[in-house]
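S.K.: Supplied structure: data37.pdb, PDB, C-alpha atoms.
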```pdb
ATOM      1  CA  MET A  42     -19.088 -43.325 -29.083
ATOM      2  CA  ALA A  43     -18.672 -39.707 -30.212
ATOM      3  CA  ARG A  44     -21.784 -38.690 -28.270
ATOM      4  CA  ARG A  45     -20.545 -40.495 -25.173
ATOM      5  CA  SER A  46     -17.160 -38.782 -25.461
ATOM      6  CA  ARG A  47     -18.815 -35.369 -25.701
ATOM      7  CA  HIS A  48     -21.077 -36.278 -22.771
ATOM      8  CA  TYR A  49     -18.110 -37.281 -20.616
ATOM      9  CA  SER A  50     -16.270 -34.122 -21.657
ATOM     10  CA  VAL A  51     -19.179 -31.963 -20.504
ATOM     11  CA  ILE A  52     -19.336 -33.845 -17.181
ATOM     12  CA  GLY A  53     -15.587 -33.461 -16.719
ATOM     13  CA  LEU A  54     -15.777 -29.739 -17.424
ATOM     14  CA  ALA A  55     -18.637 -29.330 -14.947
ATOM     15  CA  LEU A  56     -16.715 -31.197 -12.257
ATOM     16  CA  ALA A  57     -13.653 -29.053 -12.893
ATOM     17  CA  LEU A  58     -15.726 -25.901 -12.485
ATOM     18  CA  VAL A  59     -17.216 -27.209  -9.268
ATOM     19  CA  CYS A  60     -13.743 -27.971  -7.933
ATOM     20  CA  MET A  61     -12.627 -24.469  -8.796
ATOM     21  CA  LEU A  62     -15.626 -22.830  -7.120
ATOM     22  CA  PRO A  63     -14.404 -22.981  -3.487
ATOM     23  CA  THR A  64     -11.128 -21.348  -4.505
ATOM     24  CA  ALA A  65     -12.975 -18.463  -6.120
ATOM     25  CA  ILE A  66     -15.248 -18.046  -3.099
ATOM     26  CA  SER A  67     -12.299 -18.120  -0.679
ATOM     27  CA  THR A  68     -10.944 -14.879  -2.163
ATOM     28  CA  HIS A  69     -13.639 -12.995  -0.219
ATOM     29  CA  GLU A  70     -14.830 -13.293   3.356
ATOM     30  CA  ARG A  71     -18.475 -13.435   4.419
ATOM     31  CA  LEU A  72     -19.264 -11.529   7.616
ATOM     32  CA  VAL A  73     -22.460 -11.198   9.633
ATOM     33  CA  ALA A  74     -23.454  -7.598  10.378
ATOM     34  CA  GLY A  75     -26.862  -7.477  12.030
ATOM     35  CA  PRO A  76     -29.517  -8.626   9.542
ATOM     36  CA  TYR A  77     -27.033  -8.423   6.662
ATOM     37  CA  ARG A  78     -24.265 -10.588   5.246
ATOM     38  CA  LEU A  79     -21.225  -8.711   3.965
ATOM     39  CA  THR A  80     -18.933 -10.228   1.345
ATOM     40  CA  VAL A  81     -15.605  -8.417   1.716
ATOM     41  CA  GLY A  82     -12.399  -8.521  -0.318
ATOM     42  CA  TRP A  83     -10.386  -6.948  -3.093
ATOM     43  CA  GLY A  84     -12.360  -6.123  -6.207
ATOM     44  CA  ASP A  85      -9.565  -7.424  -8.435
ATOM     45  CA  GLU A  86      -7.977 -10.681  -7.312
ATOM     46  CA  PRO A  87      -5.135 -11.300  -6.910
ATOM     47  CA  ALA A  88      -4.021  -7.860  -5.702
ATOM     48  CA  PHE A  89      -0.567  -6.556  -6.724
ATOM     49  CA  THR A  90       1.480  -3.595  -5.566
ATOM     50  CA  GLY A  91       1.308  -0.492  -7.718
ATOM     51  CA  PHE A  92      -1.922  -1.514  -9.467
ATOM     52  CA  LYS A  93      -5.261   0.228  -8.985
ATOM     53  CA  ASN A  94      -7.717  -1.876  -7.011
ATOM     54  CA  PHE A  95     -10.709  -1.378  -4.743
ATOM     55  CA  VAL A  96     -12.217  -2.677  -1.529
ATOM     56  CA  SER A  97     -15.461  -4.486  -2.385
ATOM     57  CA  VAL A  98     -18.327  -4.874   0.095
ATOM     58  CA  ALA A  99     -21.388  -6.701  -1.245
ATOM     59  CA  VAL A 100     -24.541  -6.803   0.897
ATOM     60  CA  SER A 101     -26.998  -9.700   1.049
ATOM     61  CA  ASP A 102     -29.716 -10.867   3.414
ATOM     62  CA  ALA A 103     -29.650 -13.925   5.695
ATOM     63  CA  ASP A 104     -30.634 -16.128   2.730
ATOM     64  CA  GLY A 105     -27.775 -14.836   0.604
ATOM     65  CA  LYS A 106     -29.971 -12.729  -1.703
ATOM     66  CA  PRO A 107     -28.520  -9.347  -2.772
ATOM     67  CA  VAL A 108     -30.046  -6.412  -0.893
ATOM     68  CA  ARG A 109     -30.947  -3.539  -3.187
ATOM     69  CA  ASP A 110     -32.170   0.035  -2.590
ATOM     70  CA  LEU A 111     -29.732   0.442   0.293
ATOM     71  CA  THR A 112     -29.421   3.770   2.078
ATOM     72  CA  GLY A 113     -26.813   4.763   4.591
ATOM     73  CA  ASN A 114     -23.235   5.863   5.007
ATOM     74  CA  LEU A 115     -20.367   3.371   5.031
ATOM     75  CA  ALA A 116     -16.608   3.809   5.361
ATOM     76  CA  VAL A 117     -13.651   1.447   5.440
ATOM     77  CA  GLU A 118     -10.464   1.875   7.442
ATOM     78  CA  ILE A 119      -7.625   0.122   5.631
ATOM     79  CA  ALA A 120      -4.785  -1.001   7.897
ATOM     80  CA  PHE A 121      -1.273  -2.096   6.947
ATOM     81  CA  GLY A 122       1.043  -2.492   9.923
ATOM     82  CA  ASP A 123       0.877   0.766  11.876
ATOM     83  CA  GLU A 124      -0.510   2.685   8.894
ATOM     84  CA  ARG A 125      -4.226   3.543   8.748
ATOM     85  CA  ARG A 126      -6.364   5.227   6.112
ATOM     86  CA  SER A 127     -10.133   5.785   6.078
ATOM     87  CA  LEU A 128     -12.034   5.944   2.790
ATOM     88  CA  PRO A 129     -15.754   6.320   2.024
ATOM     89  CA  LEU A 130     -17.480   3.278   0.552
ATOM     90  CA  ARG A 131     -19.556   4.402  -2.415
ATOM     91  CA  PRO A 132     -22.279   2.492  -4.295
ATOM     92  CA  ALA A 133     -20.893   0.589  -7.271
ATOM     93  CA  PHE A 134     -22.072   1.578 -10.738
ATOM     94  CA  GLN A 135     -24.943  -0.710 -11.814
ATOM     95  CA  ARG A 136     -24.409  -2.802  -8.659
ATOM     96  CA  PRO A 137     -26.898  -1.486  -6.051
ATOM     97  CA  ASP A 138     -25.908  -4.212  -3.580
ATOM     98  CA  GLU A 139     -22.178  -3.407  -3.643
ATOM     99  CA  PHE A 140     -20.012  -0.637  -2.211
ATOM    100  CA  ARG A 141     -16.459   0.200  -3.274
ATOM    101  CA  ALA A 142     -13.437   2.237  -2.164
ATOM    102  CA  VAL A 143     -10.678   2.704  -4.745
ATOM    103  CA  ILE A 144      -7.055   2.396  -3.615
ATOM    104  CA  VAL A 145      -3.615   1.575  -5.011
ATOM    105  CA  PRO A 146      -1.771  -0.741  -2.577
ATOM    106  CA  THR A 147       1.920   0.183  -2.579
ATOM    107  CA  ARG A 148       3.348  -2.468  -0.255
ATOM    108  CA  ALA A 149       3.101  -6.241  -0.345
ATOM    109  CA  GLY A 150       1.784  -7.922   2.778
ATOM    110  CA  THR A 151      -1.183  -8.140   5.137
ATOM    111  CA  TYR A 152      -4.112  -5.713   4.854
ATOM    112  CA  SER A 153      -7.171  -5.373   7.099
ATOM    113  CA  PHE A 154     -10.523  -3.754   6.312
ATOM    114  CA  HIS A 155     -12.645  -2.283   9.123
ATOM    115  CA  ILE A 156     -16.117  -1.407   7.812
ATOM    116  CA  THR A 157     -18.298   0.955   9.848
ATOM    117  CA  GLY A 158     -21.401   3.077   9.338
ATOM    118  CA  THR A 159     -25.087   2.410   8.791
ATOM    119  CA  LEU A 160     -27.250   0.536   6.282
ATOM    120  CA  ASN A 161     -30.949   1.344   6.219
ATOM    121  CA  GLY A 162     -30.600   2.735   9.728
ATOM    122  CA  ARG A 163     -28.780  -0.359  11.056
ATOM    123  CA  PRO A 164     -25.282   0.098  12.563
ATOM    124  CA  ILE A 165     -22.494  -1.767  10.771
ATOM    125  CA  ASP A 166     -19.182  -2.745  12.356
ATOM    126  CA  ALA A 167     -17.154  -5.543  10.757
ATOM    127  CA  THR A 168     -13.474  -6.343  10.254
ATOM    128  CA  SER A 169     -11.747  -8.632   7.774
ATOM    129  CA  THR A 170      -8.031  -9.393   7.409
ATOM    130  CA  CYS A 171      -6.433 -11.021   4.387
ATOM    131  CA  SER A 172      -5.378 -14.655   4.782
ATOM    132  CA  ASP A 173      -5.676 -18.054   3.115
ATOM    133  CA  ARG A 174      -9.251 -18.305   4.436
ATOM    134  CA  THR A 175     -10.501 -14.790   3.665
ATOM    135  CA  PHE A 176      -9.195 -12.703   0.765
ATOM    136  CA  ASN A 177      -5.796 -12.509  -0.882
ATOM    137  CA  CYS A 178      -3.008 -10.495   0.658
ATOM    138  CA  VAL A 179      -1.208  -8.063  -1.651
ATOM    139  CA  ALA A 180       1.643  -9.587  -3.669
ATOM    140  CA  ASP A 181       4.716  -7.831  -5.039
ATOM    141  CA  ALA A 182       4.167  -6.962  -8.701
ATOM    142  CA  ALA A 183       7.876  -7.526  -9.401
ATOM    143  CA  ALA A 184       7.301 -11.257  -8.952
ATOM    144  CA  MET A 185       5.375 -11.417 -12.240
ATOM    145  CA  ALA A 186       7.668  -9.083 -14.213
ATOM    146  CA  PHE A 187       9.280 -10.431 -17.405
ATOM    147  CA  PRO A 188      11.905 -10.547 -18.850
ATOM    148  CA  VAL A 189      13.545  -8.337 -16.183
ATOM    149  CA  GLN A 190      12.260  -7.848 -12.650
ATOM    150  CA  ASP A 191      12.450  -4.090 -12.291
ATOM    151  CA  PRO A 192      12.033  -2.725  -8.740
ATOM    152  CA  SER A 193       8.520  -1.641  -7.833
ATOM    153  CA  THR A 194       7.670   1.922  -6.818
ATOM    154  CA  GLY A 195       7.508   0.756  -3.208
ATOM    155  CA  GLN A 196      10.974  -0.794  -3.411
ATOM    156  CA  LEU A 197      12.338   2.379  -5.027
ATOM    157  CA  ALA A 198      10.776   4.474  -2.266
ATOM    158  CA  GLU A 199      12.363   2.246   0.386
ATOM    159  CA  SER A 200      15.749   2.509  -1.342
ATOM    160  CA  VAL A 201      15.449   6.294  -1.446
ATOM    161  CA  SER A 202      14.416   6.341   2.227
ATOM    162  CA  ARG A 203      17.486   4.288   3.161
ATOM    163  CA  ALA A 204      19.782   6.430   1.005
ATOM    164  CA  LEU A 205      18.537   9.793   2.302
ATOM    165  CA  PRO A 206      20.117   9.540   5.793
ATOM    166  CA  ARG A 207      23.472   8.617   4.233
ATOM    167  CA  ALA A 208      23.194  11.529   1.796
ATOM    168  CA  GLU A 209      22.280  13.911   4.627
ATOM    169  CA  ARG A 210      25.257  12.711   6.683
ATOM    170  CA  ALA A 211      27.535  13.180   3.672
ATOM    171  CA  VAL A 212      26.202  16.722   3.159
ATOM    172  CA  ASP A 213      26.700  17.504   6.861
ATOM    173  CA  THR A 214      30.247  16.125   6.724
ATOM    174  CA  ALA A 215      31.019  18.191   3.631
ATOM    175  CA  ALA A 216      29.522  21.296   5.255
ATOM    176  CA  ASN A 217      31.562  20.755   8.410
ATOM    177  CA  ALA A 218      34.702  20.239   6.360
ATOM    178  CA  GLN A 219      33.970  23.436   4.460
ATOM    179  CA  ARG A 220      33.451  25.365   7.710
ATOM    180  CA  TRP A 221      36.717  24.020   9.108
ATOM    181  CA  ALA A 222      38.500  24.906   5.866
ATOM    182  CA  ILE A 223      37.145  28.449   6.011
ATOM    183  CA  ALA A 224      38.123  28.738   9.674
ATOM    184  CA  GLY A 225      41.595  27.416   8.906
ATOM    185  CA  PHE A 226      42.009  29.853   6.032
ATOM    186  CA  ALA A 227      40.871  32.735   8.209
ATOM    187  CA  ALA A 228      43.313  31.695  10.948
ATOM    188  CA  ALA A 229      46.139  31.519   8.401
ATOM    189  CA  VAL A 230      45.291  34.995   7.105
ATOM    190  CA  LEU A 231      45.239  36.396  10.642
ATOM    191  CA  ALA A 232      48.570  34.726  11.392
ATOM    192  CA  LEU A 233      50.052  36.162   8.207
ATOM    193  CA  VAL A 234      48.777  39.628   9.088
ATOM    194  CA  ALA A 235      50.265  39.292  12.566
ATOM    195  CA  VAL A 236      53.645  38.221  11.154
ATOM    196  CA  VAL A 237      53.639  41.094   8.673
ATOM    197  CA  GLY A 238      52.721  43.497  11.430
ATOM    198  CA  LEU A 239      55.538  42.261  13.669
ATOM    199  CA  ALA A 240      57.963  42.496  10.791
ATOM    200  CA  LEU A 241      56.953  46.047  10.044
ATOM    201  CA  ARG A 242      57.302  47.023  13.714
ATOM    202  CA  GLY A 243      60.728  45.394  13.892
ATOM    203  CA  GLY A 244      61.824  47.225  10.773
ATOM    204  CA  ARG A 245      60.753  50.551  12.214
ATOM    205  CA  LYS A 246      62.776  49.972  15.451
ATOM    206  CA  VAL A 247      65.934  49.149  13.534
ATOM    207  CA  ALA A 248      65.520  52.287  11.491
TER     208      ALA A 248
END
```
Turn the structure described in the file into structure tokens.

M.R.:
Amino acid sequence: MARRSRHYSVIGLALALVCMLPTAISTHERLVAGPYRLTVGWGDEPAFTGFKNFVSVAVSDADGKPVRDLTGNLAVEIAFGDERRSLPLRPAFQRPDEFRAVIVPTRAGTYSFHITGTLNGRPIDATSTCSDRTFNCVADAAAMAFPVQDPSTGQLAESVSRALPRAERAVDTAANAQRWAIAGFAAAVLALVAVVGLALRGGRKVA
């Protein structure tokens, strides 16, 4: 009975691992680029704001075997909304079939990777966008904070951006008020000088 229990436990564990396998695979997207297959996604999944990560591009042949001794020049354009940034894809240390571009995502949401360049003289042009079927979109790191959810650097930057116009308007208002105060003071001084002058002239006529 003990052997059978251990046997069933091993089978159950194997089935659990098999059930988990599609989820792990779904965190990267496989793209066809000429004779190659590119596996694209975040190097560290899931991806969180404010944490160092990297774009991972692994290269395999049509049979899914890793392609080694690759030569060429690859780059990735990372897109988030209207923002764009191009980074070189460099060979990974001890991973001759993988290229990486290090980045720290600062906003939660949808990211796209546009990979261009050449591999062994072959042109490469492929695009992948995060989704439930490709790789994970970036999540807000504050969601996993404990015991207090402090604002992320991105949220602080947005708060500062919203506060700056109000601060600038307040400074402009204060500056205008100061200018008007100075003008009013100058006008009062001039009026006082005029009154004194008139008084002095009147005194001289009486005399």

S.K.: Do you know which residues are at most 9 Å from Glu139 in chain A counting all atoms listed in the file, after dropping those on the same chain fewer than 4 positions away, and could you put them as a PDB file with C-alpha atoms, keeping the file's coordinate frame?

M.R.:
```pdb
ATOM      1  CA  SER A  97     -15.461  -4.486  -2.385  1.00  0.00           C
ATOM      2  CA  VAL A  98     -18.327  -4.874   0.095  1.00  0.00           C
ATOM      3  CA  ALA A  99     -21.388  -6.701  -1.245  1.00  0.00           C
ATOM      4  CA  VAL A 100     -24.541  -6.803   0.897  1.00  0.00           C
ATOM      5  CA  PRO A 107     -28.520  -9.347  -2.772  1.00  0.00           C
ATOM      6  CA  VAL A 108     -30.046  -6.412  -0.893  1.00  0.00           C
ATOM      7  CA  ARG A 109     -30.947  -3.539  -3.187  1.00  0.00           C
ATOM      8  CA  ARG A 131     -19.556   4.402  -2.415  1.00  0.00           C
ATOM      9  CA  PRO A 132     -22.279   2.492  -4.295  1.00  0.00           C
ATOM     10  CA  ALA A 133     -20.893   0.589  -7.271  1.00  0.00           C
ATOM     11  CA  PHE A 134     -22.072   1.578 -10.738  1.00  0.00           C
TER      12      PHE A 134
END
```

S.K.: What does the distance from CA of Arg71 in chain A to CA of Thr175 in chain A come to in Å, to one decimal?

M.R.: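 Straight-line distance from CA of Arg71 in chain A to CA of Thr175 in chain A works out to 8.1 Å.
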
S.K.: Pick from A:Asp110, A:Phe154, A:Thr168, A:Asn94: nearest to Gln135 in chain A, with only C-alpha atoms counted?

M.R.: A:Asp110

S.K.: With only C-alpha atoms as the atoms that count, which of A:Ile165, A:Ala88, A:Ala228, A:Cys178 lies nearest to Gly113 in chain A?

M.R.: A:Ile165

S.K.: Run the PyMOL selection byres ((chain A and resi 121) around 12) on the file and write out the hits as a ChimeraX atom specification.

M.R.: /A:118-120,122-127,146-155,170-171,178-179

S.K.: Can you put N, CA and C atoms back into range 130-147 of chain A and show it as a PDB file, keeping the file's coordinate frame?

M.R.:
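Listing of part_7.pdb after writing:
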```pdb
ATOM      1  N   LEU A 130     -17.015   4.354   1.428  1.00  0.00           N
ATOM      2  CA  LEU A 130     -17.480   3.278   0.552  1.00  0.00           C
ATOM      3  C   LEU A 130     -18.664   3.810  -0.242  1.00  0.00           C
ATOM      4  N   ARG A 131     -18.526   3.826  -1.551  1.00  0.00           N
ATOM      5  CA  ARG A 131     -19.556   4.402  -2.415  1.00  0.00           C
ATOM      6  C   ARG A 131     -20.260   3.298  -3.201  1.00  0.00           C
ATOM      7  N   PRO A 132     -21.544   3.504  -3.519  1.00  0.00           N
ATOM      8  CA  PRO A 132     -22.279   2.492  -4.295  1.00  0.00           C
ATOM      9  C   PRO A 132     -21.601   2.228  -5.630  1.00  0.00           C
ATOM     10  N   ALA A 133     -21.509   0.971  -6.000  1.00  0.00           N
ATOM     11  CA  ALA A 133     -20.893   0.589  -7.271  1.00  0.00           C
ATOM     12  C   ALA A 133     -21.840   0.888  -8.421  1.00  0.00           C
ATOM     13  N   PHE A 134     -21.264   1.265  -9.552  1.00  0.00           N
ATOM     14  CA  PHE A 134     -22.072   1.578 -10.738  1.00  0.00           C
ATOM     15  C   PHE A 134     -22.780   0.321 -11.226  1.00  0.00           C
ATOM     16  N   GLN A 135     -24.090   0.399 -11.356  1.00  0.00           N
ATOM     17  CA  GLN A 135     -24.943  -0.710 -11.814  1.00  0.00           C
ATOM     18  C   GLN A 135     -24.879  -1.921 -10.879  1.00  0.00           C
ATOM     19  N   ARG A 136     -24.411  -1.722  -9.649  1.00  0.00           N
ATOM     20  CA  ARG A 136     -24.409  -2.802  -8.659  1.00  0.00           C
ATOM     21  C   ARG A 136     -24.977  -2.238  -7.350  1.00  0.00           C
ATOM     22  N   PRO A 137     -26.299  -2.129  -7.230  1.00  0.00           N
ATOM     23  CA  PRO A 137     -26.898  -1.486  -6.051  1.00  0.00           C
ATOM     24  C   PRO A 137     -26.656  -2.215  -4.742  1.00  0.00           C
ATOM     25  N   ASP A 138     -26.169  -3.457  -4.813  1.00  0.00           N
ATOM     26  CA  ASP A 138     -25.908  -4.212  -3.580  1.00  0.00           C
ATOM     27  C   ASP A 138     -24.436  -4.184  -3.182  1.00  0.00           C
ATOM     28  N   GLU A 139     -23.619  -3.408  -3.898  1.00  0.00           N
ATOM     29  CA  GLU A 139     -22.178  -3.407  -3.643  1.00  0.00           C
ATOM     30  C   GLU A 139     -21.665  -1.996  -3.404  1.00  0.00           C
ATOM     31  N   PHE A 140     -20.686  -1.896  -2.495  1.00  0.00           N
ATOM     32  CA  PHE A 140     -20.012  -0.637  -2.211  1.00  0.00           C
ATOM     33  C   PHE A 140     -18.520  -0.820  -2.474  1.00  0.00           C
ATOM     34  N   ARG A 141     -17.870   0.295  -2.913  1.00  0.00           N
ATOM     35  CA  ARG A 141     -16.459   0.200  -3.274  1.00  0.00           C
ATOM     36  C   ARG A 141     -15.673   1.399  -2.768  1.00  0.00           C
ATOM     37  N   ALA A 142     -14.382   1.171  -2.506  1.00  0.00           N
ATOM     38  CA  ALA A 142     -13.437   2.237  -2.164  1.00  0.00           C
ATOM     39  C   ALA A 142     -12.159   1.980  -2.951  1.00  0.00           C
ATOM     40  N   VAL A 143     -11.827   2.889  -3.846  1.00  0.00           N
ATOM     41  CA  VAL A 143     -10.678   2.704  -4.745  1.00  0.00           C
ATOM     42  C   VAL A 143      -9.385   3.025  -4.008  1.00  0.00           C
ATOM     43  N   ILE A 144      -8.365   2.193  -4.238  1.00  0.00           N
ATOM     44  CA  ILE A 144      -7.055   2.396  -3.615  1.00  0.00           C
ATOM     45  C   ILE A 144      -5.994   1.711  -4.459  1.00  0.00           C
ATOM     46  N   VAL A 145      -4.767   2.212  -4.369  1.00  0.00           N
ATOM     47  CA  VAL A 145      -3.615   1.575  -5.011  1.00  0.00           C
ATOM     48  C   VAL A 145      -2.693   1.072  -3.900  1.00  0.00           C
ATOM     49  N   PRO A 146      -2.680  -0.224  -3.608  1.00  0.00           N
ATOM     50  CA  PRO A 146      -1.771  -0.741  -2.577  1.00  0.00           C
ATOM     51  C   PRO A 146      -0.321  -0.622  -3.034  1.00  0.00           C
ATOM     52  N   THR A 147       0.528  -0.061  -2.192  1.00  0.00           N
ATOM     53  CA  THR A 147       1.920   0.183  -2.579  1.00  0.00           C
ATOM     54  C   THR A 147       2.915  -0.729  -1.884  1.00  0.00           C
TER      55      THR A 147
END
```
